[in-house]
file work_6.cif (mmCIF, C-alpha atoms)
data_input
loop_
_atom_site.group_PDB
_atom_site.id
_atom_site.type_symbol
_atom_site.label_atom_id
_atom_site.label_comp_id
_atom_site.auth_asym_id
_atom_site.auth_seq_id
_atom_site.Cartn_x
_atom_site.Cartn_y
_atom_site.Cartn_z
ATOM 1 C CA ASN I 1 6.353 53.386 3.779
ATOM 2 C CA ALA I 2 7.549 50.344 1.892
ATOM 3 C CA GLU I 3 4.897 47.886 0.762
ATOM 4 C CA VAL I 4 5.653 44.288 1.736
ATOM 5 C CA GLN I 5 4.386 41.754 -0.770
ATOM 6 C CA SER I 6 3.871 38.083 -0.098
ATOM 7 C CA PRO I 7 5.737 35.682 -2.388
ATOM 8 C CA SER I 8 3.730 34.139 -5.196
ATOM 9 C CA LEU I 9 2.725 30.477 -5.119
ATOM 10 C CA ARG I 10 5.376 29.733 -7.750
ATOM 11 C CA GLU I 11 8.037 31.462 -5.658
ATOM 12 C CA ARG I 12 6.985 29.616 -2.523
ATOM 13 C CA GLU I 13 7.056 26.251 -4.297
ATOM 14 C CA GLY I 14 10.438 27.012 -5.844
ATOM 15 C CA GLY I 15 11.825 28.104 -2.513
ATOM 16 C CA LEU I 16 10.551 24.977 -0.807
ATOM 17 C CA GLU I 17 12.200 22.652 -3.305
ATOM 18 C CA SER I 18 15.418 24.667 -3.497
ATOM 19 C CA ARG I 19 15.699 24.342 0.262
ATOM 20 C CA THR I 20 15.169 20.617 -0.224
ATOM 21 C CA VAL I 21 18.046 20.424 -2.687
ATOM 22 C CA SER I 22 20.470 22.497 -0.667
ATOM 23 C CA SER I 23 19.840 20.748 2.626
ATOM 24 C CA PHE I 24 20.422 17.101 1.712
ATOM 25 C CA GLY I 25 23.050 16.019 4.177
ATOM 26 C CA VAL I 26 23.212 19.535 5.622
ATOM 27 C CA ALA I 27 21.165 20.776 8.542
ATOM 28 C CA ALA I 28 18.637 23.452 7.608
ATOM 29 C CA PRO I 29 19.603 26.928 8.835
ATOM 30 C CA PRO I 30 17.981 27.866 12.159
ATOM 31 C CA SER I 31 16.165 30.717 10.408
ATOM 32 C CA GLU I 32 14.161 28.219 8.348
ATOM 33 C CA PRO I 33 11.578 26.517 10.577
ATOM 34 C CA PRO I 34 10.467 23.013 9.554
ATOM 35 C CA SER I 35 7.403 22.757 7.341
ATOM 36 C CA GLU I 36 4.260 21.469 9.059
ATOM 37 C CA VAL I 37 1.384 19.346 7.752
ATOM 38 C CA PHE I 38 -2.270 20.212 8.344
ATOM 39 C CA LEU I 39 -5.378 18.195 7.521
ATOM 40 C CA TRP I 40 -9.134 18.737 7.545
ATOM 41 C CA GLY I 41 -12.288 16.963 6.386
ATOM 42 C CA TRP I 42 -12.964 13.301 7.135
ATOM 43 C CA ARG I 43 -10.022 11.164 8.140
ATOM 44 C CA ALA I 44 -9.591 7.519 9.089
ATOM 45 C CA ASP I 45 -10.024 7.410 12.848
ATOM 46 C CA VAL I 46 -7.334 5.053 14.112
ATOM 47 C CA ARG I 47 -7.167 6.415 17.627
ATOM 48 C CA GLY I 48 -8.756 3.225 18.943
ATOM 49 C CA GLY I 49 -5.259 1.848 18.494
ATOM 50 C CA GLY I 50 -3.557 -1.030 16.840
ATOM 51 C CA GLY I 51 -6.280 -2.997 15.075
ATOM 52 C CA THR I 52 -6.931 -3.223 11.396
ATOM 53 C CA ALA I 53 -9.714 -1.002 10.119
ATOM 54 C CA SER I 54 -13.122 -2.214 9.049
ATOM 55 C CA SER I 55 -13.523 -2.060 5.286
ATOM 56 C CA SER I 56 -17.327 -2.200 5.254
ATOM 57 C CA ALA I 57 -17.687 1.507 4.628
ATOM 58 C CA ALA I 58 -14.278 2.234 3.129
ATOM 59 C CA PRO I 59 -14.444 4.645 0.191
ATOM 60 C CA SER I 60 -12.882 4.075 -3.200
ATOM 61 C CA GLY I 61 -10.564 6.541 -4.900
ATOM 62 C CA GLY I 62 -10.789 9.332 -2.343
ATOM 63 C CA GLY I 63 -14.540 9.164 -1.722
ATOM 64 C CA PHE I 64 -16.062 9.640 1.712
ATOM 65 C CA ALA I 65 -18.410 7.760 3.992
ATOM 66 C CA VAL I 66 -19.738 9.835 6.872
ATOM 67 C CA ALA I 67 -21.409 6.816 8.449
ATOM 68 C CA ALA I 68 -18.198 4.783 8.604
ATOM 69 C CA PRO I 69 -17.438 3.811 12.208
ATOM 70 C CA LYS I 70 -13.771 4.570 11.763
ATOM 71 C CA TYR I 71 -13.941 8.066 10.312
ATOM 72 C CA ALA I 72 -13.527 11.226 12.329
ATOM 73 C CA ARG I 73 -14.494 14.734 11.253
ATOM 74 C CA VAL I 74 -11.889 17.496 11.291
ATOM 75 C CA ASP I 75 -13.718 20.806 10.857
ATOM 76 C CA VAL I 76 -10.747 23.164 10.506
ATOM 77 C CA PRO I 77 -7.099 22.656 9.463
ATOM 78 C CA SER I 78 -5.301 20.828 12.256
ATOM 79 C CA ALA I 79 -1.618 19.949 12.517
ATOM 80 C CA VAL I 80 -0.766 16.265 12.146
ATOM 81 C CA ARG I 81 0.630 15.085 15.449
ATOM 82 C CA GLY I 82 4.164 13.737 15.354
ATOM 83 C CA MET I 83 5.256 15.702 12.273
ATOM 84 C CA GLU I 84 6.260 18.960 13.938
ATOM 85 C CA ALA I 85 9.994 18.449 13.409
ATOM 86 C CA LEU I 86 10.026 16.250 10.299
ATOM 87 C CA ASP I 87 10.121 19.161 7.824
ATOM 88 C CA VAL I 88 7.753 17.755 5.207
ATOM 89 C CA VAL I 89 7.955 18.931 1.580
ATOM 90 C CA GLU I 90 5.425 16.596 -0.093
ATOM 91 C CA VAL I 91 2.209 14.839 0.935
ATOM 92 C CA SER I 92 0.026 12.287 -0.868
ATOM 93 C CA LEU I 93 -3.417 11.071 0.248
ATOM 94 C CA GLY I 94 -5.096 7.731 -0.250
ATOM 95 C CA ALA I 95 -8.649 6.810 0.758
ATOM 96 C CA ARG I 96 -7.676 5.869 4.315
ATOM 97 C CA HIS I 97 -3.958 6.548 4.611
ATOM 98 C CA ALA I 98 -1.372 9.169 3.727
ATOM 99 C CA ALA I 99 2.334 9.444 2.947
ATOM 100 C CA ALA I 100 4.804 12.272 3.280
ATOM 101 C CA ARG I 101 8.317 12.989 2.062
ATOM 102 C CA THR I 102 10.669 14.972 4.262
ATOM 103 C CA ARG I 103 13.363 17.427 3.325
ATOM 104 C CA ASP I 104 16.109 14.904 4.090
ATOM 105 C CA GLY I 105 14.590 12.290 1.756
ATOM 106 C CA ALA I 106 12.671 10.005 4.123
ATOM 107 C CA ALA I 107 9.120 8.679 3.662
ATOM 108 C CA TYR I 108 6.524 8.490 6.432
ATOM 109 C CA THR I 109 3.025 6.972 6.386
ATOM 110 C CA TRP I 110 0.040 7.022 8.721
ATOM 111 C CA GLY I 111 -3.619 6.000 8.831
ATOM 112 C CA ASP I 112 -5.247 2.632 8.127
ATOM 113 C CA GLY I 113 -2.642 -0.144 8.052
ATOM 114 C CA LYS I 114 -4.811 -2.856 6.512
ATOM 115 C CA GLY I 115 -3.186 -4.688 3.599
ATOM 116 C CA GLY I 116 0.331 -3.397 4.167
ATOM 117 C CA LYS I 117 -0.181 -0.002 2.539
ATOM 118 C CA LEU I 118 1.735 1.803 5.306
ATOM 119 C CA GLY I 119 4.886 -0.230 4.673
ATOM 120 C CA ASN I 120 4.710 -1.311 8.301
ATOM 121 C CA PRO I 121 5.300 -5.065 8.813
ATOM 122 C CA SER I 122 2.987 -5.140 11.843
ATOM 123 C CA GLY I 123 0.010 -4.267 9.659
ATOM 124 C CA GLN I 124 -1.283 -2.016 12.418
ATOM 125 C CA ASP I 125 -2.940 1.363 12.016
ATOM 126 C CA ALA I 126 -0.817 4.402 12.780
ATOM 127 C CA GLU I 127 -2.126 7.675 14.189
ATOM 128 C CA ILE I 128 1.379 9.137 14.292
ATOM 129 C CA PRO I 129 3.478 8.964 11.077
ATOM 130 C CA VAL I 130 5.895 6.041 10.933
ATOM 131 C CA LYS I 131 9.036 5.979 8.808
ATOM 132 C CA VAL I 132 9.020 3.589 5.850
ATOM 133 C CA GLU I 133 12.158 1.473 5.758
ATOM 134 C CA ILE I 134 13.382 0.524 2.291
ATOM 135 C CA SER I 135 15.323 -2.631 2.974
ATOM 136 C CA GLY I 136 18.840 -3.032 1.660
ATOM 137 C CA VAL I 137 19.356 0.463 0.254
ATOM 138 C CA ALA I 138 20.320 3.848 1.636
ATOM 139 C CA ARG I 139 18.727 6.140 -0.924
ATOM 140 C CA LYS I 140 16.756 9.341 -0.679
ATOM 141 C CA VAL I 141 13.041 9.215 -1.401
ATOM 142 C CA LEU I 142 12.236 11.572 -4.277
ATOM 143 C CA THR I 143 8.439 11.411 -4.363
ATOM 144 C CA VAL I 144 5.532 9.441 -2.875
ATOM 145 C CA ALA I 145 2.027 8.479 -4.023
ATOM 146 C CA CYS I 146 -0.901 6.728 -2.317
ATOM 147 C CA GLY I 147 -3.685 4.600 -3.755
ATOM 148 C CA SER I 148 -6.508 2.971 -1.803
ATOM 149 C CA SER I 149 -4.701 -0.312 -1.096
ATOM 150 C CA HIS I 150 -1.104 0.415 -2.070
ATOM 151 C CA SER I 151 1.626 3.020 -1.997
ATOM 152 C CA VAL I 152 4.440 3.947 -4.359
ATOM 153 C CA ALA I 153 7.689 5.840 -3.897
ATOM 154 C CA VAL I 154 10.493 6.859 -6.213
ATOM 155 C CA VAL I 155 13.914 6.513 -4.635
ATOM 156 C CA GLU I 156 17.247 7.926 -5.656
ATOM 157 C CA ASP I 157 19.038 6.091 -8.435
ATOM 158 C CA ALA I 158 21.715 3.780 -7.067
ATOM 159 C CA ASN I 159 24.423 5.533 -9.054
ATOM 160 C CA ALA I 160 23.339 9.079 -8.252
ATOM 161 C CA ALA I 161 24.614 11.122 -5.336
ATOM 162 C CA LEU I 162 21.745 13.568 -5.765
ATOM 163 C CA SER I 163 18.706 13.170 -7.999
ATOM 164 C CA PHE I 164 16.986 16.505 -7.658
ATOM 165 C CA SER I 165 17.087 18.865 -10.631
ATOM 166 C CA GLN I 166 17.206 22.620 -10.283
ATOM 167 C CA GLY I 167 14.721 25.381 -10.922
ATOM 168 C CA ASP I 168 11.150 24.136 -11.323
ATOM 169 C CA GLY I 169 10.868 21.733 -8.407
ATOM 170 C CA ALA I 170 10.956 18.585 -10.568
ATOM 171 C CA VAL I 171 13.095 15.657 -9.521
ATOM 172 C CA GLY I 172 15.650 13.651 -11.408
ATOM 173 C CA GLY I 173 15.184 9.981 -12.226
ATOM 174 C CA GLY I 174 15.182 7.132 -9.772
ATOM 175 C CA ASP I 175 13.867 3.648 -9.102
ATOM 176 C CA CYS I 176 10.228 2.860 -8.320
ATOM 177 C CA VAL I 177 9.229 0.871 -5.229
ATOM 178 C CA VAL I 178 5.759 -0.310 -4.246
ATOM 179 C CA TRP I 179 4.026 -1.969 -1.296
ATOM 180 C CA GLY I 180 0.502 -2.994 -0.314
ATOM 181 C CA ASP I 181 -2.122 -5.595 -1.197
ATOM 182 C CA PRO I 182 -1.773 -7.180 -4.667
ATOM 183 C CA ASN I 183 -5.190 -8.814 -4.360
ATOM 184 C CA ALA I 184 -7.090 -5.520 -4.136
ATOM 185 C CA ALA I 185 -7.071 -5.228 -7.952
ATOM 186 C CA PRO I 186 -5.524 -7.200 -10.841
ATOM 187 C CA GLY I 187 -1.886 -6.218 -11.330
ATOM 188 C CA LEU I 188 -2.106 -3.485 -8.694
ATOM 189 C CA LEU I 189 1.511 -3.693 -7.525
ATOM 190 C CA GLY I 190 3.056 -4.162 -10.978
ATOM 191 C CA ARG I 191 4.828 -7.316 -9.797
ATOM 192 C CA PRO I 192 3.356 -10.371 -11.586
ATOM 193 C CA ASP I 193 4.913 -12.905 -9.218
ATOM 194 C CA THR I 194 3.671 -11.234 -6.029
ATOM 195 C CA ARG I 195 0.635 -13.017 -4.597
ATOM 196 C CA SER I 196 0.597 -11.978 -0.937
ATOM 197 C CA VAL I 197 0.657 -8.638 0.868
ATOM 198 C CA MET I 198 3.911 -6.724 0.511
ATOM 199 C CA TRP I 199 4.647 -5.325 3.959
ATOM 200 C CA PHE I 200 7.951 -3.839 2.797
ATOM 201 C CA PRO I 201 8.710 -1.768 -0.326
ATOM 202 C CA GLY I 202 9.799 -3.827 -3.327
ATOM 203 C CA PHE I 203 11.417 -2.626 -6.537
ATOM 204 C CA LEU I 204 9.584 -2.633 -9.864
ATOM 205 C CA THR I 205 11.023 -3.927 -13.114
ATOM 206 C CA PHE I 206 10.323 -1.998 -16.310
ATOM 207 C CA PRO I 207 10.340 -3.375 -19.866
ATOM 208 C CA SER I 208 13.406 -1.237 -20.596
ATOM 209 C CA PRO I 209 15.765 0.687 -18.309
ATOM 210 C CA ALA I 210 13.846 3.680 -16.966
ATOM 211 C CA LYS I 211 14.559 6.422 -14.455
ATOM 212 C CA ILE I 212 11.239 7.384 -12.917
ATOM 213 C CA VAL I 213 10.562 11.002 -11.946
ATOM 214 C CA GLN I 214 6.897 11.020 -10.893
ATOM 215 C CA ALA I 215 4.118 8.580 -10.015
ATOM 216 C CA SER I 216 0.388 8.694 -9.330
ATOM 217 C CA CYS I 217 -1.920 6.050 -7.862
ATOM 218 C CA GLY I 218 -5.589 5.441 -8.464
ATOM 219 C CA PRO I 219 -7.478 2.949 -6.327
ATOM 220 C CA TYR I 220 -7.010 0.192 -8.921
ATOM 221 C CA HIS I 221 -4.122 1.285 -11.167
ATOM 222 C CA THR I 222 -0.872 3.227 -11.175
ATOM 223 C CA ALA I 223 0.947 5.457 -13.661
ATOM 224 C CA CYS I 224 4.428 6.935 -13.710
ATOM 225 C CA VAL I 225 6.601 9.135 -15.889
ATOM 226 C CA ALA I 226 10.238 8.441 -16.760
ATOM 227 C CA GLU I 227 13.030 10.952 -17.183
ATOM 228 C CA ASP I 228 12.944 10.518 -20.964
ATOM 229 C CA GLY I 229 9.215 11.349 -21.097
ATOM 230 C CA ALA I 230 7.891 7.794 -21.373
ATOM 231 C CA CYS I 231 4.654 7.098 -19.484
ATOM 232 C CA PHE I 232 4.004 3.677 -17.933
ATOM 233 C CA THR I 233 0.796 2.250 -16.473
ATOM 234 C CA TRP I 234 -0.248 -1.005 -14.816
ATOM 235 C CA GLY I 235 -3.130 -2.526 -12.871
ATOM 236 C CA GLU I 236 -6.882 -2.718 -13.584
ATOM 237 C CA GLY I 237 -7.622 -1.882 -17.218
ATOM 238 C CA SER I 238 -11.235 -2.994 -17.677
ATOM 239 C CA PHE I 239 -12.424 0.601 -18.048
ATOM 240 C CA LEU I 240 -9.567 1.738 -20.343
ATOM 241 C CA ALA I 241 -7.807 3.563 -17.518
ATOM 242 C CA LEU I 242 -4.357 2.366 -18.609
ATOM 243 C CA GLY I 243 -4.236 4.215 -21.926
ATOM 244 C CA HIS I 244 -3.439 1.213 -24.110
ATOM 245 C CA GLY I 245 -6.744 1.154 -25.966
ATOM 246 C CA GLU I 246 -7.628 -2.236 -24.508
ATOM 247 C CA ARG I 247 -9.880 -3.490 -21.726
ATOM 248 C CA LYS I 248 -6.989 -5.489 -20.401
ATOM 249 C CA CYS I 249 -5.325 -5.566 -16.994
ATOM 250 C CA GLU I 250 -1.566 -5.135 -16.943
ATOM 251 C CA PRO I 251 0.370 -7.101 -14.308
ATOM 252 C CA ALA I 252 3.569 -5.111 -14.882
ATOM 253 C CA PRO I 253 4.510 -1.605 -16.095
ATOM 254 C CA ARG I 254 3.723 -1.075 -19.776
ATOM 255 C CA VAL I 255 4.644 2.001 -21.791
ATOM 256 C CA ILE I 256 1.842 3.996 -23.450
ATOM 257 C CA GLU I 257 2.686 3.694 -27.127
ATOM 258 C CA THR I 258 0.556 6.655 -28.262
ATOM 259 C CA PHE I 259 2.978 9.220 -26.855
ATOM 260 C CA LYS I 260 5.954 7.323 -28.211
ATOM 261 C CA ARG I 261 4.412 7.017 -31.667
ATOM 262 C CA ASP I 262 3.520 10.721 -31.792
ATOM 263 C CA ARG I 263 6.955 11.708 -30.487
ATOM 264 C CA ARG I 264 5.517 13.354 -27.418
ATOM 265 C CA VAL I 265 6.990 13.342 -23.930
ATOM 266 C CA ALA I 266 4.938 13.107 -20.767
ATOM 267 C CA LEU I 267 5.756 15.664 -18.090
ATOM 268 C CA ARG I 268 3.417 14.537 -15.316
ATOM 269 C CA VAL I 269 0.566 12.052 -14.941
ATOM 270 C CA ALA I 270 -2.442 11.815 -12.613
ATOM 271 C CA CYS I 271 -4.779 8.876 -11.913
ATOM 272 C CA GLY I 272 -8.476 9.018 -11.165
ATOM 273 C CA VAL I 273 -10.734 6.137 -10.176
ATOM 274 C CA TRP I 274 -11.229 4.666 -13.651
#
call {"tool": "encode", "arguments": {"input": "work_6.cif", "output": "structure tokens"}}
result
Amino acid sequence: NAEVQSPSLREREGGLESRTVSSFGVAAPPSEPPSEVFLWGWRADVRGGGGTASSSAAPSGGGFAVAAPKYARVDVPSAVRGMEALDVVEVSLGARHAAARTRDGAAYTWGDGKGGKLGNPSGQDAEIPVKVEISGVARKVLTVACGSSHSVAVVEDANAALSFSQGDGAVGGGDCVVWGDPNAAPGLLGRPDTRSVMWFPGFLTFPSPAKIVQASCGPYHTACVAEDGACFTWGEGSFLALGHGERKCEPAPRVIETFKRDRRVALRVACGVW
């Protein structure tokens, strides 16, 4: 009798991303069923439909509030309705909303729509994932990240036909877009001239040309890594969360000089609350 072994986590992750690379512009083979998304715990309950959510009990940075009138308990993993055929390869969670990237390079969001963080111009909540339209460009989405009041995506470089690298599941460089409420925290969107809610994704400008490969959002700040290993941060800096050694808020992306000075390259970055 032959022993059948399950693939390791590394092999499963590699296989998932390699399928992503090979199937851009090509339909996935029938033998490969689309990936599904499951959730459990406490989620924003938007089934009441359409209205903006109350923020009185909204958590910060992924916290929870069991007494919140618009939270629903999910005791066991349950499939997200409306995503059965989307073939999702990446998911990011905010406090009251979520984003997903599909195999064909599209971004979808769902949950609390307050403050434009879903990228939906209606500002309404969404129980079923809605596609995020990036106006004026036809580029693949390479990665997504959610904060509490904003969302970030990295989209394919304008000059690249394909921005995914091979082997370890990392992506090649692209441009960074952001949307949400700039008034939720100083410099939150990294766009100094933006004063009102961004209902649609807008491109970020970096101090020098940069191809972004990965991004992470905290509730009050954002960080990203460029293809050359530079790490940029922006947003609320009062508690030294930006890595610049100053209690200063940054209205636009700023490179962390420590890594540059020590000739180190950042591979990935993750944001907490502070």
call {"tool": "residues_around", "arguments": {"input": "work_6.cif", "residues": "stretch 238-241 of chain I", "least_positions_apart": "6", "cutoff": "6 Å", "atoms": "only C-alpha atoms", "output": "short mmCIF file (atom, residue, chain, number, x, y, z; two decimals) with C-alpha atoms, in the frame of the given file"}}
result
data_model
loop_
_atom_site.label_atom_id
_atom_site.label_comp_id
_atom_site.auth_asym_id
_atom_site.auth_seq_id
_atom_site.Cartn_x
_atom_site.Cartn_y
_atom_site.Cartn_z
CA ARG I 247 -9.88 -3.49 -21.73
CA LYS I 248 -6.99 -5.49 -20.40
CA TRP I 274 -11.23 4.67 -13.65
#
call {"tool": "closest_residue", "arguments": {"input": "work_6.cif", "among": "I:Glu236, I:Asp87, I:Asp112, I:Gln214", "to": "I:Pro34", "atoms": "all atoms listed in the file"}}
result
I:Asp87
call {"tool": "atom_distance", "arguments": {"input": "work_6.cif", "atom1": "atom CA of I:Gly173", "atom2": "atom CA of I:Ala210"}}
result
8.0 Å
call {"tool": "closest_residue", "arguments": {"input": "work_6.cif", "among": "I:Val152, I:Ala98, I:Val144, I:Ala72", "to": "I:Ile128", "atoms": "all atoms listed in the file"}}
result
I:Ala98
call {"tool": "atom_distance", "arguments": {"input": "work_6.cif", "atom1": "atom CA of I:Gly119", "atom2": "atom CA of I:Pro201"}}
result
6.5 Å
call {"tool": "closest_residue", "arguments": {"input": "work_6.cif", "among": "I:Ser149, I:Trp199, I:Leu142, I:Arg191", "to": "I:Ser122", "atoms": "only C-alpha atoms"}}
result
I:Trp199
call {"tool": "resolve_selection", "arguments": {"input": "work_6.cif", "expression": "the PyMOL selection byres ((chain I and resi 156) around 6)", "output": "PyMOL selection string"}}
result
chain I and resi 139-140+155+157+163+174
call {"tool": "residues_around", "arguments": {"input": "work_6.cif", "residues": "I:Ser151", "least_positions_apart": "3", "cutoff": "6 Å", "atoms": "all atoms listed in the file", "output": "list in words"}}
result
Lys117, Ala145, Cys146, Gly147, Val178 and Trp179 of chain I
call {"tool": "axis_aligned_box", "arguments": {"input": "work_6.cif", "around": "stretch 69-88 of chain I", "padding_each_side": "3 Å", "output": "lines of an AutoDock Vina configuration file"}}
result
center_x = -3.7
center_y = 13.5
center_z = 10.3
size_x = 33.6
size_y = 25.4
size_z = 16.2
call {"tool": "atom_distance", "arguments": {"input": "work_6.cif", "atom1": "atom CA of I:Gly116", "atom2": "atom CA of I:Val154"}}
result
17.8 Å
call {"tool": "resolve_selection", "arguments": {"input": "work_6.cif", "expression": "the PyMOL selection byres ((chain I and resi 243) around 10)", "output": "mmCIF file with C-alpha atoms, keeping the file's coordinate frame"}}
result
data_model
loop_
_atom_site.group_PDB
_atom_site.id
_atom_site.type_symbol
_atom_site.label_atom_id
_atom_site.label_comp_id
_atom_site.auth_asym_id
_atom_site.auth_seq_id
_atom_site.Cartn_x
_atom_site.Cartn_y
_atom_site.Cartn_z
ATOM 1 C CA ALA I 223 0.947 5.457 -13.661
ATOM 2 C CA CYS I 231 4.654 7.098 -19.484
ATOM 3 C CA PHE I 232 4.004 3.677 -17.933
ATOM 4 C CA THR I 233 0.796 2.250 -16.473
ATOM 5 C CA TRP I 234 -0.248 -1.005 -14.816
ATOM 6 C CA GLY I 237 -7.622 -1.882 -17.218
ATOM 7 C CA PHE I 239 -12.424 0.601 -18.048
ATOM 8 C CA LEU I 240 -9.567 1.738 -20.343
ATOM 9 C CA ALA I 241 -7.807 3.563 -17.518
ATOM 10 C CA LEU I 242 -4.357 2.366 -18.609
ATOM 11 C CA HIS I 244 -3.439 1.213 -24.110
ATOM 12 C CA GLY I 245 -6.744 1.154 -25.966
ATOM 13 C CA GLU I 246 -7.628 -2.236 -24.508
ATOM 14 C CA ARG I 247 -9.880 -3.490 -21.726
ATOM 15 C CA ARG I 254 3.723 -1.075 -19.776
ATOM 16 C CA VAL I 255 4.644 2.001 -21.791
ATOM 17 C CA ILE I 256 1.842 3.996 -23.450
ATOM 18 C CA GLU I 257 2.686 3.694 -27.127
ATOM 19 C CA THR I 258 0.556 6.655 -28.262
#
